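A.B. asks: Quick one: the structure is below, and I'll ask about it shortly.
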Amino acid sequence: MRRSNLLFSIPAGLVLLMAATPAQAKLPWVKKAQGAGFADVKNCASCHASEKPKKGEAMAERGKFLMDMKAKNKAAEVDLAWLKDYKGK
């Protein structure tokens with residue numbers, strides 16, 4: 001009986017660990033955006049309301065633009081190439 005519990009708990013633990021891991025690492029996005037020629041992206045606050053954003057937090061104008069583009073394109077993830085179409089500050 002103990003062995004079956006162990007066999008069940010290991011995969012269940014792995015699933016929980018994967019679920020707790022963030023789906024996307026956002027900090028590298030700043031470097032990707034800068035590398036793509038968007039030098040005005042300085043930190044997370046370029047798109048988020050603060051430098052240390054939390055899930056569900058308000059977005060800055062650029063972030064709202066990217067989220068609108070994500071919805072418009074029915075994309076699973078934000079594409080930083082959309083920044084070329086951003087006409088804001």
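How things are named: the first chain in the structure tokens is A, the next is B, and so on; residues count from 1 in each chain; ligands count from 1 in the order shown.
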For segment 35-44 of chain A, list every protein, DNA or RNA residue within 9 Å, evaluated using only C-alpha atoms, and leave out those in the same chain fewer than 3 positions away; present the list as JSON, numbers by chain.
C.D. replies: {"A": [26, 27, 29, 30, 31, 32, 47, 48, 49, 50, 51, 52, 53, 80, 81, 83, 84]}
A.B. asks: Could you please take those selected residues and save N, CA and C atoms as a CSV table (one decimal), in the first residue's frame?
C.D. replies:
```csv
chain,number,residue,atom,x,y,z
A,26,LYS,N,9.4,37.2,-17.4
A,26,LYS,CA,9.2,38.5,-17.9
A,26,LYS,C,10.5,39.4,-18.0
A,27,LEU,N,11.4,39.2,-17.0
A,27,LEU,CA,12.5,40.1,-16.9
A,27,LEU,C,13.4,39.9,-18.2
A,29,TRP,N,12.4,39.7,-21.0
A,29,TRP,CA,11.8,40.4,-22.1
A,29,TRP,C,12.3,41.8,-22.3
A,30,VAL,N,12.8,42.4,-21.2
A,30,VAL,CA,13.4,43.7,-21.3
A,30,VAL,C,14.6,43.7,-22.2
A,31,LYS,N,15.5,42.7,-22.0
A,31,LYS,CA,16.7,42.5,-22.8
A,31,LYS,C,16.3,42.1,-24.2
A,32,LYS,N,15.3,41.3,-24.4
A,32,LYS,CA,14.9,40.9,-25.8
A,32,LYS,C,14.4,42.2,-26.5
A,47,CYS,N,6.2,48.6,-19.4
A,47,CYS,CA,4.9,48.0,-19.8
A,47,CYS,C,3.9,47.9,-18.6
A,48,HIS,N,4.5,47.7,-17.4
A,48,HIS,CA,3.7,47.5,-16.2
A,48,HIS,C,3.6,48.8,-15.4
A,49,ALA,N,2.7,48.9,-14.4
A,49,ALA,CA,2.5,50.1,-13.6
A,49,ALA,C,3.6,50.3,-12.6
A,50,SER,N,4.4,49.2,-12.3
A,50,SER,CA,5.5,49.3,-11.4
A,50,SER,C,6.7,48.5,-11.9
A,51,GLU,N,7.8,48.7,-11.2
A,51,GLU,CA,9.0,48.0,-11.6
A,51,GLU,C,9.0,46.5,-11.2
A,52,LYS,N,8.2,46.2,-10.2
A,52,LYS,CA,8.1,44.8,-9.7
A,52,LYS,C,6.6,44.4,-9.8
A,53,PRO,N,6.1,44.1,-11.0
A,53,PRO,CA,4.7,43.9,-11.2
A,53,PRO,C,4.3,42.6,-10.5
A,80,LEU,N,7.0,40.6,-28.8
A,80,LEU,CA,7.6,41.9,-28.7
A,80,LEU,C,7.8,42.6,-30.1
A,81,ALA,N,7.7,41.9,-31.2
A,81,ALA,CA,7.7,42.5,-32.5
A,81,ALA,C,6.6,43.5,-32.7
A,83,LEU,N,5.8,45.8,-30.8
A,83,LEU,CA,6.2,47.1,-30.4
A,83,LEU,C,6.5,48.0,-31.5
A,84,LYS,N,6.9,47.5,-32.7
A,84,LYS,CA,7.1,48.4,-33.8
A,84,LYS,C,5.9,49.2,-34.2
```
A.B. asks: Could you tell me how far atom CA of Lys54 of chain A lies from atom CA of Lys87 of chain A, in Å and to one decimal?
C.D. replies: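 For atom CA of Lys54 of chain A relative to atom CA of Lys87 of chain A, the distance reads 25.5 Å.
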A.B. asks: Report, in Å to a single decimal, how far apart atom CA of Gly88 of chain A and atom CA of Glu61 of chain A are.
C.D. replies: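 Computing it gives 7.4 Å between the two atoms.
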A.B. asks: In Å, rounded to a single decimal, give me how far atom CA of Gly56 of chain A is from atom CA of Trp82 of chain A.
C.D. replies: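 Atom CA of Gly56 of chain A lies 21.5 Å from atom CA of Trp82 of chain A.
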A.B. asks: Between A:Asn73, A:Ala45, A:Asp85, A:Asp79, which one has atoms that come closest to Ala60 of chain A, using only C-alpha atoms?
C.D. replies: A:Ala45
